[in-house]
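Okay, structure first, notes after.
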Amino acid sequence: MTKLLGISGSLRKASYNTALLRAAQTVAPDGVTFETATLHGIPLYDGDLEAESGVPAAAEALKRKIVAADGVILFTPEYNNSVPGVFKNAIDWLSRPPADIKKVFGGRPFALAGGSSGSFGTILSQNAWSAVMRTLGAEIWSGKRLMVPKADTLFDDAGRLKDEQTRERLGGFIKAFADHVATKA
C-alpha cells in the first residue's frame with residue numbers, strides 16, 4: 001500500500017487548491033491511501049518563539065504526517081508569480097530544527113500541483129518550489145506536474161470538481177506519482 005500525503009497551500013475556505021486536493025483524494029487508485037493536510041494553526045516563523053517553546057504543535061503534527069508518507073504532493077497556489085508566503089512559512093517551520101531536515105525531506109518524493117484562475121495554472125509557483133525543495137534534499141518528481149488553469153470555472157459552488165477532463169488529468173497525475181513512489185519503497 002502506497003501512502004500519499006497532499007498538502008493544500010491555501011488557508012482560504014473556498015480555495016481552488018484545497019478543492020483540487022479533495023478531488024485528488026477521490027481519484028486515488030486502488031492500493032493508494034491518500035491523506036490530506038492543511039496549514040491551519042501554524043504561526044509565522046519566529047526564531048525567538050522557536051528558542052522559547054520549540055516547534056509549534058501544528059508544525060510538528062504536519063511533520064509527522066510527512067514522515068509517515070511515502071510521497072507528498074504540494075497543492076500550491078501562486079501569489080505574485082511565486083510561492084504563497086503561508087506555504088513557505090510552513091516549510092520553514094518543518095525544516096526546524098535543522099537536524100530534522102533529512103528525516104522530513106531527505107530523498108522523499110514530492111510532486112507539485114496547483115490551480116489558479118489565470119491561464120498558466122501555477123507554473124511559476126511550481127518552478128519556485130523546485131529550488132526550495134531541492135535545497136532541503138527532497139526528490140522533486142519530474143515525471144509530471146499538474147497545472148490547472150481557469151480553476152474558477154472547474155468547480156461547483158460546493159467546491160466539487162465538475163470538469164471531467166480535469167478529473168481525468170488529476171487521476172492520471174496521482175496514479176503516475178503513486179507508481180513512481182512505489183518504485184522507491
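Ligands are numbered from 1 in the order shown, residues from 1 within each chain, and chains are lettered A, B, ... in the order they appear in the C-alpha cells.
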Could you pull the residues within 12 Å of Gly172 (chain A), counting only C-alpha atoms, minus those fewer than 3 positions along the same chain, as an mmCIF file with N, CA, C and O atoms, in the first residue's frame?
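around.cif was written with the following content:
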data_model
loop_
_atom_site.group_PDB
_atom_site.id
_atom_site.type_symbol
_atom_site.label_atom_id
_atom_site.label_comp_id
_atom_site.auth_asym_id
_atom_site.auth_seq_id
_atom_site.Cartn_x
_atom_site.Cartn_y
_atom_site.Cartn_z
ATOM 1 N N ALA A 24 -8.421 15.078 -5.628
ATOM 2 C CA ALA A 24 -7.339 14.102 -5.785
ATOM 3 C C ALA A 24 -7.563 12.894 -4.896
ATOM 4 O O ALA A 24 -7.303 11.749 -5.294
ATOM 5 N N VAL A 27 -9.832 10.358 -6.555
ATOM 6 C CA VAL A 27 -9.373 9.650 -7.751
ATOM 7 C C VAL A 27 -8.135 8.796 -7.501
ATOM 8 O O VAL A 27 -7.578 8.232 -8.434
ATOM 9 N N ALA A 28 -7.712 8.706 -6.253
ATOM 10 C CA ALA A 28 -6.541 7.872 -5.940
ATOM 11 C C ALA A 28 -6.838 6.427 -6.337
ATOM 12 O O ALA A 28 -7.921 5.908 -6.047
ATOM 13 N N PRO A 29 -5.907 5.780 -7.008
ATOM 14 C CA PRO A 29 -6.150 4.408 -7.472
ATOM 15 C C PRO A 29 -6.124 3.396 -6.327
ATOM 16 O O PRO A 29 -5.679 3.695 -5.222
ATOM 17 N N GLY A 143 8.381 13.595 -13.377
ATOM 18 C CA GLY A 143 7.571 12.884 -14.358
ATOM 19 C C GLY A 143 6.445 13.722 -14.907
ATOM 20 O O GLY A 143 6.161 13.703 -16.100
ATOM 21 N N LYS A 144 5.794 14.463 -14.048
ATOM 22 C CA LYS A 144 4.678 15.319 -14.451
ATOM 23 C C LYS A 144 4.515 16.409 -13.411
ATOM 24 O O LYS A 144 4.875 16.233 -12.259
ATOM 25 N N ARG A 145 3.928 17.488 -13.832
ATOM 26 C CA ARG A 145 3.410 18.487 -12.910
ATOM 27 C C ARG A 145 1.977 18.729 -13.345
ATOM 28 O O ARG A 145 1.666 18.642 -14.526
ATOM 29 N N LEU A 146 1.145 19.017 -12.388
ATOM 30 C CA LEU A 146 -0.248 19.278 -12.718
ATOM 31 C C LEU A 146 -0.514 20.757 -12.535
ATOM 32 O O LEU A 146 -0.439 21.266 -11.413
ATOM 33 N N GLN A 165 -12.587 16.395 -17.850
ATOM 34 C CA GLN A 165 -11.235 16.359 -18.418
ATOM 35 C C GLN A 165 -10.193 16.632 -17.329
ATOM 36 O O GLN A 165 -9.159 15.952 -17.269
ATOM 37 N N THR A 166 -10.461 17.583 -16.458
ATOM 38 C CA THR A 166 -9.536 17.875 -15.361
ATOM 39 C C THR A 166 -9.479 16.700 -14.396
ATOM 40 O O THR A 166 -8.403 16.343 -13.898
ATOM 41 N N ARG A 167 -10.625 16.074 -14.131
ATOM 42 C CA ARG A 167 -10.654 14.895 -13.250
ATOM 43 C C ARG A 167 -9.773 13.786 -13.828
ATOM 44 O O ARG A 167 -9.020 13.132 -13.107
ATOM 45 N N GLU A 168 -9.838 13.569 -15.140
ATOM 46 C CA GLU A 168 -9.010 12.543 -15.780
ATOM 47 C C GLU A 168 -7.527 12.894 -15.687
ATOM 48 O O GLU A 168 -6.696 12.021 -15.404
ATOM 49 N N ARG A 169 -7.196 14.156 -15.928
ATOM 50 C CA ARG A 169 -5.792 14.591 -15.800
ATOM 51 C C ARG A 169 -5.299 14.406 -14.375
ATOM 52 O O ARG A 169 -4.181 13.938 -14.140
ATOM 53 N N LYS A 175 -2.004 8.739 -10.177
ATOM 54 C CA LYS A 175 -1.558 7.374 -10.444
ATOM 55 C C LYS A 175 -0.076 7.332 -10.826
ATOM 56 O O LYS A 175 0.680 6.496 -10.326
ATOM 57 N N ALA A 176 0.339 8.231 -11.699
ATOM 58 C CA ALA A 176 1.745 8.233 -12.125
ATOM 59 C C ALA A 176 2.677 8.527 -10.953
ATOM 60 O O ALA A 176 3.729 7.893 -10.819
ATOM 61 N N PHE A 177 2.283 9.472 -10.088
ATOM 62 C CA PHE A 177 3.125 9.756 -8.927
ATOM 63 C C PHE A 177 3.138 8.572 -7.962
ATOM 64 O O PHE A 177 4.201 8.184 -7.467
ATOM 65 N N ALA A 178 1.989 7.981 -7.718
ATOM 66 C CA ALA A 178 1.923 6.816 -6.832
ATOM 67 C C ALA A 178 2.779 5.670 -7.374
ATOM 68 O O ALA A 178 3.488 4.990 -6.612
ATOM 69 N N ASP A 179 2.738 5.458 -8.685
ATOM 70 C CA ASP A 179 3.572 4.412 -9.300
ATOM 71 C C ASP A 179 5.048 4.724 -9.099
ATOM 72 O O ASP A 179 5.842 3.827 -8.780
#
With a distance cut-off of 7 Å and only C-alpha atoms, select the neighbouring residues of Ala59 (chain A), excluding the residue or stretch itself and same-chain residues fewer than 4 positions from it, and output the selection as a VMD selection string.
chain A and resid 42 55 63 90 93 to 94
Requested write-out: N, CA, C and O atoms of the selected residues, as a CSV table (one decimal), in the first residue's frame:
chain,number,residue,atom,x,y,z
A,42,ILE,N,-0.5,26.9,12.0
A,42,ILE,CA,1.0,27.1,12.0
A,42,ILE,C,1.2,28.6,12.0
A,42,ILE,O,0.9,29.4,11.1
A,55,VAL,N,9.3,24.0,18.3
A,55,VAL,CA,8.5,24.0,17.1
A,55,VAL,C,7.0,23.8,17.5
A,55,VAL,O,6.7,23.0,18.3
A,63,LYS,N,4.7,17.7,10.3
A,63,LYS,CA,6.0,17.0,10.1
A,63,LYS,C,5.8,15.5,10.3
A,63,LYS,O,6.3,14.7,9.5
A,90,ALA,N,5.3,27.5,6.4
A,90,ALA,CA,5.1,26.2,7.0
A,90,ALA,C,6.3,25.3,6.7
A,90,ALA,O,6.8,24.6,7.6
A,93,TRP,N,9.1,26.2,9.0
A,93,TRP,CA,8.9,25.5,10.3
A,93,TRP,C,9.3,24.1,10.2
A,93,TRP,O,9.9,23.5,11.2
A,94,LEU,N,8.9,23.4,9.1
A,94,LEU,CA,9.2,22.0,9.0
A,94,LEU,C,10.7,21.7,8.9
A,94,LEU,O,11.1,20.5,9.2
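By chain and then residue number, the residues within 7 Å of Thr38 (chain A) are Ile7, Ser8 and Gly9 of chain A, counting only C-alpha atoms and disregarding those fewer than 5 positions away in sequence.
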Please write the residues from the selection above to a file, keeping all heavy atoms, as a CSV table (one decimal), in the first residue's frame.
chain,number,residue,atom,x,y,z
A,7,ILE,N,-0.9,18.2,0.6
A,7,ILE,CA,-1.0,19.4,1.5
A,7,ILE,C,-1.5,20.6,0.7
A,7,ILE,O,-0.9,21.0,-0.4
A,7,ILE,CB,0.4,19.8,2.1
A,7,ILE,CG1,1.0,18.6,2.8
A,7,ILE,CG2,0.3,21.0,3.0
A,7,ILE,CD1,2.5,18.8,3.2
A,8,SER,N,-2.5,21.2,1.1
A,8,SER,CA,-3.0,22.4,0.5
A,8,SER,C,-2.3,23.6,1.0
A,8,SER,O,-2.1,23.8,2.2
A,8,SER,CB,-4.5,22.6,0.7
A,8,SER,OG,-4.9,23.9,0.2
A,9,GLY,N,-1.8,24.5,0.1
A,9,GLY,CA,-1.0,25.7,0.5
A,9,GLY,C,-1.9,26.9,0.6
A,9,GLY,O,-1.3,28.0,0.6
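Considering the residues A:Phe75, A:Phe105, A:Asp46, A:Ile91 and counting only C-alpha atoms, Arg22 (chain A) has its shortest atom-to-atom contact with A:Phe75.
Nearest to Thr122 (chain A) of all the residues A:Lys162, A:Val32, A:Leu49, A:Asn17 is A:Asn17, based on only C-alpha atoms.
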Between A:Pro77, A:Gly31, A:Pro84, A:Gly137, which one has atoms that come closest to Phe120 (chain A), using only C-alpha atoms?
A:Pro77
Counting only C-alpha atoms, what is within 9 Å of Thr33 (chain A), bar same-chain residues fewer than 6 positions away, as an NGL selection string?
:A and (1-5 or 25)
Go through region 47-72 of chain A residue by residue and, counting only C-alpha atoms, keep those with an atom at most 10 Å from region 107-116 of chain A; for each kept residue give the shortest atom pair and its distance in Å to one decimal, ordered by chain and increasing number, as CSV.
residue,atom,partner,partner_atom,distance
A:Ile66,CA,A:Arg108,CA,9.0
A:Val67,CA,A:Arg108,CA,8.7
A:Ala69,CA,A:Arg108,CA,8.7
A:Asp70,CA,A:Arg108,CA,7.1
A:Gly71,CA,A:Pro109,CA,4.9
A:Val72,CA,A:Phe110,CA,4.7
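Of the residues listed (A:Val148, A:Ala19, A:Ala99, A:Ile140), A:Val148 shows the shortest atom-to-atom separation from Gly121 (chain A); distances use only C-alpha atoms.
When only C-alpha atoms are used to measure the gap to Pro149 (chain A), the shortest distance among A:Ile174, A:Leu20, A:Leu62, A:Lys88 belongs to A:Leu20.
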Closest of A:Arg96, A:Ser82, A:Ala23, A:Lys184 to Pro56 (chain A) - atom-to-atom distances counting only C-alpha atoms:
A:Arg96
Check region 16-170 of chain A with DSSP on the backbone and list each residue it calls strand (DSSP E), as a ChimeraX atom specification.
/A:32-37,71-75,109-115,139-140,146-148
When DSSP is applied to the backbone of this structure, which of chain A are assigned helix (DSSP H, G or I)? Write them out as a PyMOL selection string.
chain A and resi 16-27+47-53+57-68+85-94+98-104+123-135+151-153+164-184
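The gap separating CA of Asp163 (chain A) from CA of Arg12 (chain A) is 21.3 Å, in Å to one decimal.
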